[in-house]
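J.: Handing over query_32.csv, CSV, C-alpha atoms.
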chain,number,residue,atom,x,y,z
L,291,MET,CA,0.2,14.9,11.6
L,292,ASP,CA,0.8,11.1,11.4
L,293,VAL,CA,-1.4,8.3,10.2
L,294,ASP,CA,-2.9,7.6,13.7
L,295,GLU,CA,-3.8,11.2,14.1
L,296,LEU,CA,-5.3,11.4,10.6
L,297,ARG,CA,-7.5,8.4,11.4
L,298,ALA,CA,-8.6,9.8,14.7
L,299,ARG,CA,-9.5,13.2,13.2
L,300,LEU,CA,-11.5,11.6,10.4
L,301,LYS,CA,-13.6,9.6,12.8
L,302,ARG,CA,-14.9,12.8,14.5
L,303,VAL,CA,-16.6,15.4,12.4
L,304,PRO,CA,-16.8,18.8,14.1
L,305,PRO,CA,-20.3,20.0,14.7
L,306,THR,CA,-19.7,23.2,12.9
L,307,PHE,CA,-18.4,21.6,9.8
L,308,THR,CA,-19.7,23.5,6.8
L,309,VAL,CA,-19.2,22.2,3.2
L,310,TYR,CA,-17.8,24.5,0.5
L,311,GLY,CA,-19.1,23.9,-3.0
L,312,ASP,CA,-18.6,26.0,-6.2
L,313,ASP,CA,-20.1,29.4,-5.9
L,314,GLY,CA,-23.7,29.5,-7.4
L,315,THR,CA,-24.4,25.8,-6.9
L,316,GLU,CA,-27.0,26.2,-4.2
L,317,GLY,CA,-30.3,24.5,-5.0
L,318,ARG,CA,-28.9,22.3,-7.8
L,319,GLU,CA,-29.2,19.0,-5.9
L,320,ALA,CA,-31.8,17.4,-8.2
L,321,ALA,CA,-30.0,18.3,-11.5
L,322,SER,CA,-26.6,17.0,-10.5
L,323,THR,CA,-24.7,14.0,-11.9
L,324,ALA,CA,-23.2,11.6,-9.4
L,325,ALA,CA,-19.4,11.3,-9.5
L,326,ALA,CA,-16.6,10.4,-7.0
L,327,VAL,CA,-12.9,11.1,-6.6
L,328,LEU,CA,-10.2,9.5,-4.5
L,329,ILE,CA,-8.2,11.7,-2.3
L,330,PRO,CA,-5.1,9.5,-2.1
L,331,ILE,CA,-3.0,10.2,1.0
L,332,MET,CA,0.4,8.6,0.9
L,333,ALA,CA,1.9,7.4,4.2
L,334,HIS,CA,5.6,8.1,3.7
L,335,VAL,CA,8.0,7.6,6.6
L,336,GLN,CA,9.0,11.3,6.3
L,337,GLY,CA,5.3,12.4,6.4
L,338,LEU,CA,1.9,12.4,4.7
L,339,THR,CA,1.4,13.6,1.1
L,340,VAL,CA,-1.6,13.9,-1.2
L,341,LEU,CA,-1.3,12.4,-4.7
L,342,PHE,CA,-2.7,14.4,-7.6
L,343,THR,CA,-2.9,13.9,-11.4
L,344,GLN,CA,-2.2,16.5,-14.1
L,345,ARG,CA,-4.7,15.8,-16.9
L,346,THR,CA,-3.5,15.7,-20.5
L,347,THR,CA,-4.0,18.8,-22.6
L,348,HIS,CA,-6.0,17.1,-25.3
L,349,LEU,CA,-9.0,16.1,-23.2
L,350,ARG,CA,-12.3,17.8,-24.0
L,351,SER,CA,-13.1,18.6,-20.3
L,352,HIS,CA,-10.7,20.1,-17.7
L,353,SER,CA,-7.7,19.6,-20.0
L,354,GLY,CA,-4.4,20.3,-18.4
L,355,GLN,CA,-5.9,20.8,-14.9
L,356,VAL,CA,-4.7,19.2,-11.6
L,357,ALA,CA,-7.3,16.8,-10.3
L,358,PHE,CA,-7.8,13.8,-8.0
L,359,PRO,CA,-8.4,10.5,-9.8
L,360,GLY,CA,-12.1,10.0,-10.3
L,361,GLY,CA,-15.1,10.5,-12.5
L,362,ARG,CA,-18.7,9.9,-13.2
L,363,ALA,CA,-20.6,7.1,-11.4
L,364,GLU,CA,-21.7,4.2,-13.7
L,365,ALA,CA,-25.0,2.4,-13.4
L,366,GLY,CA,-23.3,-0.7,-11.9
L,367,ASP,CA,-21.2,1.1,-9.3
L,368,ALA,CA,-22.2,-0.1,-5.8
L,369,SER,CA,-21.0,3.0,-3.9
L,370,ALA,CA,-19.0,6.2,-4.2
L,371,GLU,CA,-16.1,4.3,-2.8
L,372,PHE,CA,-16.4,1.8,-5.7
L,373,THR,CA,-16.6,4.6,-8.2
L,374,ALA,CA,-13.5,6.4,-6.8
L,375,LEU,CA,-11.5,3.2,-6.7
L,376,ARG,CA,-12.6,2.0,-10.2
L,377,GLU,CA,-11.7,5.4,-11.7
L,378,ALA,CA,-8.3,5.5,-9.8
L,379,GLU,CA,-7.5,2.1,-11.2
L,380,GLU,CA,-8.4,3.2,-14.8
L,381,GLU,CA,-6.6,6.5,-14.6
L,382,ILE,CA,-3.4,5.7,-12.7
L,383,GLY,CA,-3.3,1.9,-12.3
L,384,LEU,CA,-3.9,2.0,-8.6
L,385,ARG,CA,-5.1,-1.4,-7.4
L,386,PRO,CA,-8.2,-1.1,-5.1
L,387,ALA,CA,-6.7,-3.6,-2.7
L,388,SER,CA,-3.8,-1.3,-2.0
L,389,VAL,CA,-6.1,1.5,-0.7
L,390,GLU,CA,-7.4,1.7,2.9
L,391,VAL,CA,-10.6,3.7,2.6
L,392,LEU,CA,-10.7,6.0,5.7
L,393,ALA,CA,-13.7,8.3,5.2
L,394,ARG,CA,-15.9,10.3,2.9
L,395,LEU,CA,-16.1,14.1,2.7
L,396,PRO,CA,-19.6,15.5,2.1
L,397,ASP,CA,-20.6,15.8,-1.5
L,398,TYR,CA,-19.1,18.7,-3.4
L,399,ARG,CA,-21.3,20.4,-6.0
L,400,THR,CA,-19.8,21.9,-9.1
L,401,ARG,CA,-21.0,24.7,-11.4
L,402,THR,CA,-20.8,22.1,-14.3
L,403,GLY,CA,-23.6,20.0,-12.7
L,404,TYR,CA,-21.7,17.3,-10.8
L,405,ARG,CA,-22.3,16.1,-7.3
L,406,VAL,CA,-18.8,14.7,-6.4
L,407,THR,CA,-18.2,12.5,-3.4
L,408,PRO,CA,-14.6,12.7,-2.3
L,409,VAL,CA,-13.3,9.4,-0.8
L,410,ILE,CA,-10.2,9.6,1.4
L,411,GLY,CA,-7.9,6.7,0.9
L,412,LEU,CA,-4.6,5.8,2.6
L,413,LEU,CA,-1.8,4.3,0.6
L,414,THR,CA,1.4,2.8,2.0
L,415,PRO,CA,4.4,3.1,-0.4
L,416,PRO,CA,5.7,1.6,-2.5
L,417,VAL,CA,2.6,1.7,-4.7
L,418,GLY,CA,3.1,0.8,-8.4
L,419,LEU,CA,1.3,3.4,-10.5
L,420,THR,CA,0.8,3.4,-14.3
L,421,PRO,CA,-0.9,6.5,-15.6
L,422,ASP,CA,-3.2,6.1,-18.6
L,423,PRO,CA,-1.4,8.3,-21.2
L,424,HIS,CA,-4.7,9.3,-22.7
L,425,GLU,CA,-6.0,10.9,-19.5
L,426,VAL,CA,-3.0,11.6,-17.2
L,427,ALA,CA,0.1,13.5,-18.2
L,428,GLU,CA,1.7,13.3,-14.7
L,429,ILE,CA,1.3,12.1,-11.2
L,430,PHE,CA,2.7,14.1,-8.4
L,431,GLU,CA,2.5,14.6,-4.6
L,432,VAL,CA,2.1,17.6,-2.3
L,433,PRO,CA,2.8,17.5,1.5
L,434,LEU,CA,-0.5,17.3,3.4
L,435,ALA,CA,1.0,19.8,5.9
L,436,PHE,CA,1.3,22.3,3.1
L,437,LEU,CA,-2.3,21.9,2.0
L,438,LEU,CA,-3.6,22.2,5.6
L,439,ASP,CA,-1.8,25.5,6.2
L,440,GLU,CA,-4.2,28.3,5.5
L,441,ARG,CA,-1.4,30.6,4.5
L,442,ASN,CA,-0.9,28.4,1.4
L,443,ARG,CA,-4.4,28.9,-0.1
L,444,GLN,CA,-5.7,31.9,-1.9
L,445,ARG,CA,-9.2,33.0,-2.9
L,446,ARG,CA,-9.6,34.4,-6.4
L,447,THR,CA,-12.5,35.3,-8.7
L,448,ARG,CA,-13.1,35.0,-12.4
L,449,GLU,CA,-16.0,35.3,-14.9
L,450,PHE,CA,-18.0,32.2,-15.5
L,451,GLN,CA,-21.1,32.2,-17.7
L,452,GLY,CA,-21.5,36.0,-17.3
L,453,GLN,CA,-21.0,36.2,-13.5
L,454,GLN,CA,-18.1,36.7,-11.2
L,455,VAL,CA,-17.4,33.5,-9.2
L,456,GLY,CA,-14.9,32.8,-6.4
L,457,TYR,CA,-12.7,29.8,-6.1
L,458,TYR,CA,-9.7,28.6,-4.1
L,459,VAL,CA,-6.1,28.1,-5.4
L,460,PHE,CA,-3.1,26.4,-4.0
L,461,GLU,CA,0.3,26.9,-5.7
L,462,TYR,CA,3.0,24.3,-4.9
L,463,GLN,CA,6.3,24.5,-6.8
L,464,GLN,CA,5.2,24.7,-10.5
L,465,LYS,CA,1.7,23.2,-9.9
L,466,VAL,CA,-1.5,25.2,-9.6
L,467,ILE,CA,-4.4,23.4,-7.9
L,468,TRP,CA,-7.7,25.3,-8.2
L,469,GLY,CA,-11.4,24.9,-8.7
L,470,ALA,CA,-13.3,21.9,-7.4
L,471,THR,CA,-10.0,20.1,-6.5
L,472,ALA,CA,-8.9,23.0,-4.3
L,473,GLY,CA,-12.4,23.4,-2.9
L,474,MET,CA,-12.4,19.7,-1.8
L,475,LEU,CA,-9.0,20.4,-0.1
L,476,VAL,CA,-10.6,23.3,1.8
L,477,ASN,CA,-13.4,20.8,3.0
L,478,LEU,CA,-10.7,18.3,4.0
L,479,TYR,CA,-9.0,21.1,6.1
L,480,ARG,CA,-12.4,21.9,7.7
L,481,MET,CA,-13.0,18.3,8.5
L,482,LEU,CA,-9.5,17.8,10.0
L,483,GLU,CA,-9.2,21.1,12.0
How would this structure read if it were set down as structure tokens?

T.:
Amino acid sequence: MDVDELRARLKRVPPTFTVYGDDGTEGREAASTAAAVLIPIMAHVQGLTVLFTQRTTHLRSHSGQVAFPGGRAEAGDASAEFTALREAEEEIGLRPASVEVLARLPDYRTRTGYRVTPVIGLLTPPVGLTPDPHEVAEIFEVPLAFLLDERNRQRRTREFQGQQVGYYVFEYQQKVIWGATAGMLVNLYRMLE
């Protein structure tokens, strides 16, 4: 898939598009906290990749996990796009002007009470990034083709607050992408298929 095909697919949403959210989040709409993440797609000459962050291990929430840049919406944020771009600038030093916002995925609801709006952004390298050492241990990329190949995702279960819950997992080289981040990738796949 190249940039033109990506743009074309994002402009049309299939009529059967169903949104995956964390298991057990049905009916939590009123109690959820607004947040947004940027799904940064890098347009390299050799192909499209998706940029991720590895969170630092000392953080109170989701420490050490792989994530998209993003976070909770603030009162003055004009839109989900604004939140995602503001957070990406804070976390990895990504200038908002260097991002072409392509689309939004439907909101993703988490078991921890967040309603996350994933914003898809296109970046053309070179892009100067400076991770915030307090929040981000590493920035890395995974080929979009790998993430869109169903053979590369797994469905697992674990116990959470006394019940068995399912979640998706992608393993790429030494990186494990799981939970809400992996769930949003499944929704991206559904939107692009």

J.: Please compute the CA of Ala470 (chain L)-CA of Glu380 (chain L) distance, one decimal, in Å.

T.: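 These atoms are spaced 20.7 Å apart.
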
J.: Give the answer as one residue: which of L:Glu483, L:Glu449, L:Glu425, L:Glu461 has the shortest atom-to-atom distance to Gln344 (chain L), using all atoms listed in the file?

T.: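 With all atoms listed in the file as the atom set, the closest residue is L:Glu425.
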
J.: For Tyr404 (chain L), list every protein, DNA or RNA residue within 6 Å, evaluated using all atoms listed in the file, and leave out those in the same chain fewer than 4 positions away; present the list as a PyMOL selection string.

T.: chain L and resi 322-323+399-400

J.: Need the shell around Ala365 (chain L): protein/DNA/RNA residues with any atom at most 12 Å away, counting all atoms listed in the file. Skip same-chain ones fewer than 3 positions apart. Format as a ChimeraX atom specification?

T.: /L:323-325,362,368-370,372-373

J.: For Thr402 (chain L), which residue out of L:Gln464, L:Gln336, L:Gln451, L:Thr346 is the nearest one, using all atoms listed in the file?

T.: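 Among L:Gln464, L:Gln336, L:Gln451, L:Thr346, it is L:Gln451 that comes nearest to Thr402 (chain L).
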
J.: Quick one: residues within 8 Å of Leu412 (chain L), all atoms listed in the file, excluding same-chain residues fewer than 2 positions away - as a ChimeraX atom specification?

T.: /L:330-333,389-392,410,414

J.: Nearest residue to Thr420 (chain L) out of L:Gly383, L:Arg376, L:Ala472, L:Gln454, using all atoms listed in the file?

T.: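 Closest candidate: L:Gly383.
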
J.: Quick one: pull the distance between CA of Asn442 (chain L) and CA of Gly418 (chain L), Å, one decimal.

T.: 29.6 Å

J.: Find the residues near Phe358 (chain L): any atom within 9 Å, counting only C-alpha atoms, skip ones fewer than 2 places away on the same chain, and give them as a PyMOL selection string.

T.: chain L and resi 327-330+341-344+356+360+378+408+471

J.: If we draw a sphere of 7 Å around (-8.3, 29.7, 0.3), which residues have at least one atom in it when counting all atoms listed in the file? Please report them as a PDB file with C-alpha atoms, in the coordinates of the input.

T.:
ATOM      1  CA  GLU L 440      -4.200  28.300   5.500  1.00  0.00           C
ATOM      2  CA  ARG L 443      -4.400  28.900  -0.100  1.00  0.00           C
ATOM      3  CA  GLN L 444      -5.700  31.900  -1.900  1.00  0.00           C
ATOM      4  CA  ARG L 445      -9.200  33.000  -2.900  1.00  0.00           C
ATOM      5  CA  TYR L 458      -9.700  28.600  -4.100  1.00  0.00           C
ATOM      6  CA  VAL L 459      -6.100  28.100  -5.400  1.00  0.00           C
ATOM      7  CA  VAL L 476     -10.600  23.300   1.800  1.00  0.00           C
TER       8      VAL L 476
END

J.: Please indicate the distance in Å from CA of Val293 (chain L) to CA of Pro386 (chain L), rounded to one decimal place.

T.: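 Separation between CA of Val293 (chain L) and CA of Pro386 (chain L): 19.2 Å.
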
J.: Which residue gives the smallest distance to Asp397 (chain L) among L:Val466, L:Leu478, L:Ala298, L:Met291, with only C-alpha atoms counted?

T.: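 Among L:Val466, L:Leu478, L:Ala298, L:Met291, it is L:Leu478 that comes nearest to Asp397 (chain L).
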
J.: Give the answer as one residue: which of L:Trp468, L:Phe460, L:Glu428, L:Arg446 has the shortest atom-to-atom distance to Glu381 (chain L), using only C-alpha atoms?

T.: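 Checking each candidate against Glu381 (chain L), we get L:Glu428 as the closest.
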
J.: Tell me which of L:Gly452, L:Pro396, L:Gly366, L:Pro359 sits closest to Gly311 (chain L), counting only C-alpha atoms.

T.: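 Of all the options, L:Pro396 lies closest to Gly311 (chain L).
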
J.: Hey, what's within 9 Å of Leu482 (chain L) if we count all atoms listed in the file and toss same-chain stuff fewer than 3 positions away? As a ChimeraX atom specification, please?

T.: /L:296,299-300,302-304,438,477-479
